[in-house]
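> Right, I'll just put the structure down here and ask away after.
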Amino acid sequence: MDTDEELSDSWWERVKYYARMAIERVENGVESVKELLSTLTIDERCGVILEFEDVDPDKFAQLVADAPQWTEWMA
């Protein structure tokens, strides 16, 4: 049976994977990133954004510049 720590590690690995996907999708446009985020839970979306900003602040800044309303996607 999984422990809480293993579940947490698994969740974070999944979030990091989605963050990498989001970073790649910036090149395809804002709608592509928005589409990906729409498939995730609110917790996953928040984790993805945190990881995205941490891993690639320049691309994150590009996303924010291209879609200043990005915070609406988090709800």
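Every chain in the structure tokens takes a letter, A first, then B, and so on in the order presented; its residues are numbered from 1, and the ligands are numbered from 1 following the presented order.
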Find the spatial neighbours of Ser38 in chain A, counting only C-alpha atoms, within a cut-off of 9 Å - ignore same-chain residues fewer than 5 positions away - and output them as a list in words.

Val33, Arg45, Trp73 and Met74 of chain A

> Skip Tyr17 in chain A itself and residues of its chain fewer than 6 positions away, then list as a CSV table (one decimal) with all heavy atoms, in the first residue's frame all residues within 12 Å of it, counting only C-alpha atoms.


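Saved result, selection-v6.csv, follows:
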```csv
chain,number,residue,atom,x,y,z
A,10,SER,N,4.5,11.0,-6.0
A,10,SER,CA,3.9,10.6,-7.3
A,10,SER,C,3.1,11.8,-7.8
A,10,SER,O,3.2,12.1,-9.0
A,10,SER,CB,2.9,9.5,-7.0
A,10,SER,OG,2.2,9.2,-8.2
A,11,TRP,N,2.4,12.5,-7.0
A,11,TRP,CA,1.7,13.7,-7.4
A,11,TRP,C,2.6,14.8,-7.9
A,11,TRP,O,2.4,15.3,-9.0
A,11,TRP,CB,0.9,14.2,-6.2
A,11,TRP,CG,0.1,15.5,-6.5
A,11,TRP,CD1,-1.2,15.5,-7.0
A,11,TRP,CD2,0.4,16.8,-6.4
A,11,TRP,NE1,-1.6,16.8,-7.2
A,11,TRP,CE2,-0.6,17.6,-6.8
A,11,TRP,CE3,1.6,17.5,-5.9
A,11,TRP,CZ2,-0.6,19.0,-6.8
A,11,TRP,CZ3,1.7,18.8,-5.9
A,11,TRP,CH2,0.6,19.6,-6.4
A,23,ILE,N,5.2,24.2,-20.7
A,23,ILE,CA,6.3,25.0,-21.2
A,23,ILE,C,6.5,24.8,-22.7
A,23,ILE,O,6.6,25.7,-23.4
A,23,ILE,CB,7.6,24.7,-20.4
A,23,ILE,CG1,7.5,25.2,-19.0
A,23,ILE,CG2,8.8,25.2,-21.1
A,23,ILE,CD1,8.6,24.6,-18.0
A,24,GLU,N,6.4,23.5,-23.1
A,24,GLU,CA,6.5,23.2,-24.5
A,24,GLU,C,5.4,23.8,-25.3
A,24,GLU,O,5.5,24.3,-26.5
A,24,GLU,CB,6.5,21.7,-24.8
A,24,GLU,CG,7.8,21.1,-24.2
A,24,GLU,CD,7.7,19.5,-24.3
A,24,GLU,OE1,6.7,19.0,-24.8
A,24,GLU,OE2,8.7,18.9,-23.8
A,36,LEU,N,-4.4,22.4,-21.9
A,36,LEU,CA,-3.8,21.4,-21.0
A,36,LEU,C,-4.2,21.7,-19.6
A,36,LEU,O,-4.6,20.7,-18.9
A,36,LEU,CB,-2.2,21.6,-21.1
A,36,LEU,CG,-1.5,20.8,-20.1
A,36,LEU,CD1,-1.6,19.3,-20.3
A,36,LEU,CD2,0.0,21.2,-20.1
A,44,GLU,N,-3.5,20.4,-9.2
A,44,GLU,CA,-2.5,20.2,-10.2
A,44,GLU,C,-2.2,21.5,-11.0
A,44,GLU,O,-1.0,21.8,-11.3
A,44,GLU,CB,-3.0,19.1,-11.2
A,44,GLU,CG,-3.0,17.7,-10.6
A,44,GLU,CD,-3.7,16.7,-11.4
A,44,GLU,OE1,-4.6,17.1,-12.2
A,44,GLU,OE2,-3.4,15.5,-11.3
A,45,ARG,N,-3.2,22.2,-11.3
A,45,ARG,CA,-3.0,23.5,-12.1
A,45,ARG,C,-2.1,24.4,-11.2
A,45,ARG,O,-1.2,25.0,-11.8
A,45,ARG,CB,-4.3,24.2,-12.4
A,45,ARG,CG,-5.1,23.6,-13.5
A,45,ARG,CD,-6.2,24.4,-14.0
A,45,ARG,NE,-7.2,24.7,-13.0
A,45,ARG,CZ,-8.4,24.0,-12.8
A,45,ARG,NH1,-8.6,23.0,-13.6
A,45,ARG,NH2,-9.2,24.3,-11.9
A,47,GLY,N,0.1,23.6,-8.9
A,47,GLY,CA,1.4,23.0,-8.9
A,47,GLY,C,2.1,23.2,-10.2
A,47,GLY,O,3.3,23.6,-10.2
A,48,VAL,N,1.4,23.1,-11.3
A,48,VAL,CA,2.0,23.3,-12.6
A,48,VAL,C,2.5,24.7,-12.8
A,48,VAL,O,3.6,24.9,-13.3
A,48,VAL,CB,1.0,22.9,-13.8
A,48,VAL,CG1,1.5,23.4,-15.1
A,48,VAL,CG2,0.8,21.4,-13.8
A,49,ILE,N,1.7,25.7,-12.4
A,49,ILE,CA,2.1,27.1,-12.5
A,49,ILE,C,3.3,27.4,-11.7
A,49,ILE,O,4.3,28.0,-12.1
A,49,ILE,CB,0.9,28.0,-12.2
A,49,ILE,CG1,-0.2,27.9,-13.3
A,49,ILE,CG2,1.4,29.4,-12.0
A,49,ILE,CD1,0.3,28.2,-14.7
A,51,GLU,N,5.6,25.3,-10.7
A,51,GLU,CA,6.8,24.6,-11.3
A,51,GLU,C,7.2,25.3,-12.6
A,51,GLU,O,8.4,25.5,-12.8
A,51,GLU,CB,6.5,23.1,-11.5
A,51,GLU,CG,7.6,22.3,-12.1
A,51,GLU,CD,8.8,22.0,-11.2
A,51,GLU,OE1,8.7,22.4,-10.0
A,51,GLU,OE2,9.8,21.5,-11.7
A,52,PHE,N,6.3,25.7,-13.4
A,52,PHE,CA,6.5,26.3,-14.6
A,52,PHE,C,7.3,27.6,-14.4
A,52,PHE,O,8.4,27.8,-15.0
A,52,PHE,CB,5.2,26.7,-15.3
A,52,PHE,CG,5.2,27.3,-16.7
A,52,PHE,CD1,4.1,27.1,-17.5
A,52,PHE,CD2,6.3,28.0,-17.1
A,52,PHE,CE1,4.1,27.7,-18.8
A,52,PHE,CE2,6.3,28.6,-18.4
A,52,PHE,CZ,5.2,28.4,-19.2
A,55,VAL,N,10.9,26.7,-13.2
A,55,VAL,CA,11.8,26.0,-14.2
A,55,VAL,C,12.2,26.9,-15.3
A,55,VAL,O,13.3,26.9,-15.8
A,55,VAL,CB,11.1,24.7,-14.7
A,55,VAL,CG1,11.8,24.1,-15.9
A,55,VAL,CG2,11.0,23.7,-13.6
```

> Please indicate the distance in Å from CA of Arg14 in chain A to CA of Leu40 in chain A, rounded to one decimal place.

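Going from CA of Arg14 in chain A over to CA of Leu40 in chain A covers 10.6 Å.
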
> Can you pull out the residues contacting Ala61 in chain A? Cut-off 12 Å, using only C-alpha atoms, and skip same-chain residues under 4 positions away; I want them as a list of chain:residue names.

A:Ile23, A:Val26, A:Ile49, A:Phe52, A:Glu53, A:Asp54, A:Val55, A:Asp56, A:Pro57, A:Ala65, A:Asp66, A:Ala67, A:Pro68, A:Trp70

> Generate the output file for the selected residues, all heavy atoms, as a JSON list (two decimals), in the first residue's frame.


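The result, written out as part-v9.json:
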```json
[["chain", "number", "residue", "atom", "x", "y", "z"],
["A", 23, "ILE", "N", 5.20, 24.21, -20.65],
["A", 23, "ILE", "CA", 6.32, 25.01, -21.17],
["A", 23, "ILE", "C", 6.47, 24.79, -22.67],
["A", 23, "ILE", "O", 6.64, 25.74, -23.43],
["A", 23, "ILE", "CB", 7.62, 24.67, -20.41],
["A", 23, "ILE", "CG1", 7.53, 25.18, -18.96],
["A", 23, "ILE", "CG2", 8.84, 25.23, -21.13],
["A", 23, "ILE", "CD1", 8.59, 24.63, -18.03],
["A", 26, "VAL", "N", 3.76, 26.60, -24.86],
["A", 26, "VAL", "CA", 3.80, 28.06, -25.01],
["A", 26, "VAL", "C", 4.09, 28.42, -26.46],
["A", 26, "VAL", "O", 3.52, 29.36, -27.01],
["A", 26, "VAL", "CB", 4.82, 28.71, -24.05],
["A", 26, "VAL", "CG1", 5.05, 30.16, -24.38],
["A", 26, "VAL", "CG2", 4.34, 28.57, -22.60],
["A", 49, "ILE", "N", 1.70, 25.66, -12.40],
["A", 49, "ILE", "CA", 2.10, 27.06, -12.54],
["A", 49, "ILE", "C", 3.32, 27.37, -11.67],
["A", 49, "ILE", "O", 4.26, 28.04, -12.11],
["A", 49, "ILE", "CB", 0.92, 28.00, -12.20],
["A", 49, "ILE", "CG1", -0.17, 27.88, -13.27],
["A", 49, "ILE", "CG2", 1.37, 29.43, -12.03],
["A", 49, "ILE", "CD1", 0.27, 28.25, -14.69],
["A", 52, "PHE", "N", 6.27, 25.65, -13.38],
["A", 52, "PHE", "CA", 6.52, 26.35, -14.64],
["A", 52, "PHE", "C", 7.34, 27.60, -14.37],
["A", 52, "PHE", "O", 8.39, 27.82, -14.99],
["A", 52, "PHE", "CB", 5.18, 26.69, -15.27],
["A", 52, "PHE", "CG", 5.21, 27.28, -16.65],
["A", 52, "PHE", "CD1", 4.12, 27.13, -17.48],
["A", 52, "PHE", "CD2", 6.29, 28.00, -17.13],
["A", 52, "PHE", "CE1", 4.10, 27.68, -18.76],
["A", 52, "PHE", "CE2", 6.29, 28.56, -18.41],
["A", 52, "PHE", "CZ", 5.19, 28.39, -19.21],
["A", 53, "GLU", "N", 6.88, 28.43, -13.44],
["A", 53, "GLU", "CA", 7.58, 29.68, -13.14],
["A", 53, "GLU", "C", 8.98, 29.42, -12.61],
["A", 53, "GLU", "O", 9.92, 30.16, -12.92],
["A", 53, "GLU", "CB", 6.77, 30.50, -12.14],
["A", 53, "GLU", "CG", 7.36, 31.86, -11.87],
["A", 53, "GLU", "CD", 6.52, 32.70, -10.94],
["A", 53, "GLU", "OE1", 5.66, 32.15, -10.22],
["A", 53, "GLU", "OE2", 6.73, 33.91, -10.92],
["A", 54, "ASP", "N", 9.13, 28.37, -11.83],
["A", 54, "ASP", "CA", 10.42, 28.03, -11.25],
["A", 54, "ASP", "C", 11.41, 27.52, -12.30],
["A", 54, "ASP", "O", 12.57, 27.92, -12.31],
["A", 54, "ASP", "CB", 10.20, 26.93, -10.20],
["A", 54, "ASP", "CG", 10.97, 27.15, -8.94],
["A", 54, "ASP", "OD1", 11.36, 28.30, -8.65],
["A", 54, "ASP", "OD2", 11.20, 26.16, -8.22],
["A", 55, "VAL", "N", 10.94, 26.65, -13.18],
["A", 55, "VAL", "CA", 11.81, 25.99, -14.16],
["A", 55, "VAL", "C", 12.19, 26.91, -15.31],
["A", 55, "VAL", "O", 13.33, 26.89, -15.77],
["A", 55, "VAL", "CB", 11.12, 24.72, -14.70],
["A", 55, "VAL", "CG1", 11.85, 24.14, -15.89],
["A", 55, "VAL", "CG2", 11.02, 23.68, -13.60],
["A", 56, "ASP", "N", 11.23, 27.69, -15.79],
["A", 56, "ASP", "CA", 11.49, 28.52, -16.97],
["A", 56, "ASP", "C", 10.83, 29.90, -16.82],
["A", 56, "ASP", "O", 9.80, 30.17, -17.43],
["A", 56, "ASP", "CB", 10.98, 27.82, -18.23],
["A", 56, "ASP", "CG", 11.58, 28.38, -19.50],
["A", 56, "ASP", "OD1", 11.95, 29.58, -19.52],
["A", 56, "ASP", "OD2", 11.69, 27.61, -20.48],
["A", 57, "PRO", "N", 11.44, 30.77, -15.99],
["A", 57, "PRO", "CA", 10.82, 32.07, -15.73],
["A", 57, "PRO", "C", 10.64, 32.92, -16.99],
["A", 57, "PRO", "O", 9.68, 33.70, -17.07],
["A", 57, "PRO", "CB", 11.77, 32.75, -14.74],
["A", 57, "PRO", "CG", 12.93, 31.85, -14.56],
["A", 57, "PRO", "CD", 12.67, 30.57, -15.25],
["A", 65, "ALA", "N", 2.65, 37.64, -20.41],
["A", 65, "ALA", "CA", 2.52, 38.76, -21.33],
["A", 65, "ALA", "C", 1.48, 38.49, -22.41],
["A", 65, "ALA", "O", 0.70, 39.37, -22.78],
["A", 65, "ALA", "CB", 3.88, 39.07, -21.98],
["A", 66, "ASP", "N", 1.46, 37.24, -22.91],
["A", 66, "ASP", "CA", 0.51, 36.87, -23.96],
["A", 66, "ASP", "C", -0.91, 36.66, -23.43],
["A", 66, "ASP", "O", -1.87, 36.78, -24.19],
["A", 66, "ASP", "CB", 0.97, 35.58, -24.66],
["A", 66, "ASP", "CG", 2.23, 35.77, -25.48],
["A", 66, "ASP", "OD1", 2.63, 36.94, -25.73],
["A", 66, "ASP", "OD2", 2.84, 34.75, -25.86],
["A", 67, "ALA", "N", -1.02, 36.32, -22.15],
["A", 67, "ALA", "CA", -2.33, 36.04, -21.57],
["A", 67, "ALA", "C", -2.42, 36.58, -20.15],
["A", 67, "ALA", "O", -2.33, 35.84, -19.18],
["A", 67, "ALA", "CB", -2.58, 34.54, -21.56],
["A", 68, "PRO", "N", -2.56, 37.90, -20.00],
["A", 68, "PRO", "CA", -2.60, 38.48, -18.67],
["A", 68, "PRO", "C", -3.76, 37.93, -17.81],
["A", 68, "PRO", "O", -3.71, 38.00, -16.59],
["A", 68, "PRO", "CB", -2.75, 39.98, -18.91],
["A", 68, "PRO", "CG", -2.90, 40.18, -20.38],
["A", 68, "PRO", "CD", -2.67, 38.87, -21.06],
["A", 70, "TRP", "N", -4.41, 34.86, -17.34],
["A", 70, "TRP", "CA", -4.12, 33.47, -17.03],
["A", 70, "TRP", "C", -4.62, 33.04, -15.67],
["A", 70, "TRP", "O", -4.95, 31.88, -15.47],
["A", 70, "TRP", "CB", -2.61, 33.18, -17.16],
["A", 70, "TRP", "CG", -1.78, 33.80, -16.10],
["A", 70, "TRP", "CD1", -1.22, 35.04, -16.12],
["A", 70, "TRP", "CD2", -1.43, 33.23, -14.84],
["A", 70, "TRP", "NE1", -0.54, 35.27, -14.96],
["A", 70, "TRP", "CE2", -0.65, 34.18, -14.16],
["A", 70, "TRP", "CE3", -1.69, 32.01, -14.23],
["A", 70, "TRP", "CZ2", -0.14, 33.95, -12.88],
["A", 70, "TRP", "CZ3", -1.19, 31.77, -12.96],
["A", 70, "TRP", "CH2", -0.42, 32.73, -12.30]]
```

> Smallest atom-to-atom distance to Cys46 in chain A: which of A:Asn28, A:Leu63, A:Asp9, A:Lys16, using only C-alpha atoms?

A:Lys16

> Determine which residues of chain A receive a DSSP assignment of helix (DSSP H, G or I), computed from the backbone, and state them as JSON, numbers by chain.

{"A": [4, 5, 6, 7, 8, 9, 10, 11, 12, 13, 14, 15, 16, 17, 18, 19, 20, 21, 22, 23, 24, 25, 26, 27, 28, 30, 31, 32, 33, 34, 35, 36, 37, 38, 42, 43, 44, 45, 46, 47, 48, 49, 50, 51, 52, 53, 54, 55, 57, 58, 59, 60, 61, 62, 63, 64, 65, 66, 70, 71, 72, 73, 74]}

> Would you mind reading off the distance between CA of Glu13 in chain A and CA of Thr39 in chain A, one decimal, in Å?

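For CA of Glu13 in chain A relative to CA of Thr39 in chain A, the distance reads 16.6 Å.
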
> Work out how far apart CA of Glu35 in chain A and CA of Ala22 in chain A are and give it in Å to one decimal.

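Computing it gives 9.6 Å between the two atoms.
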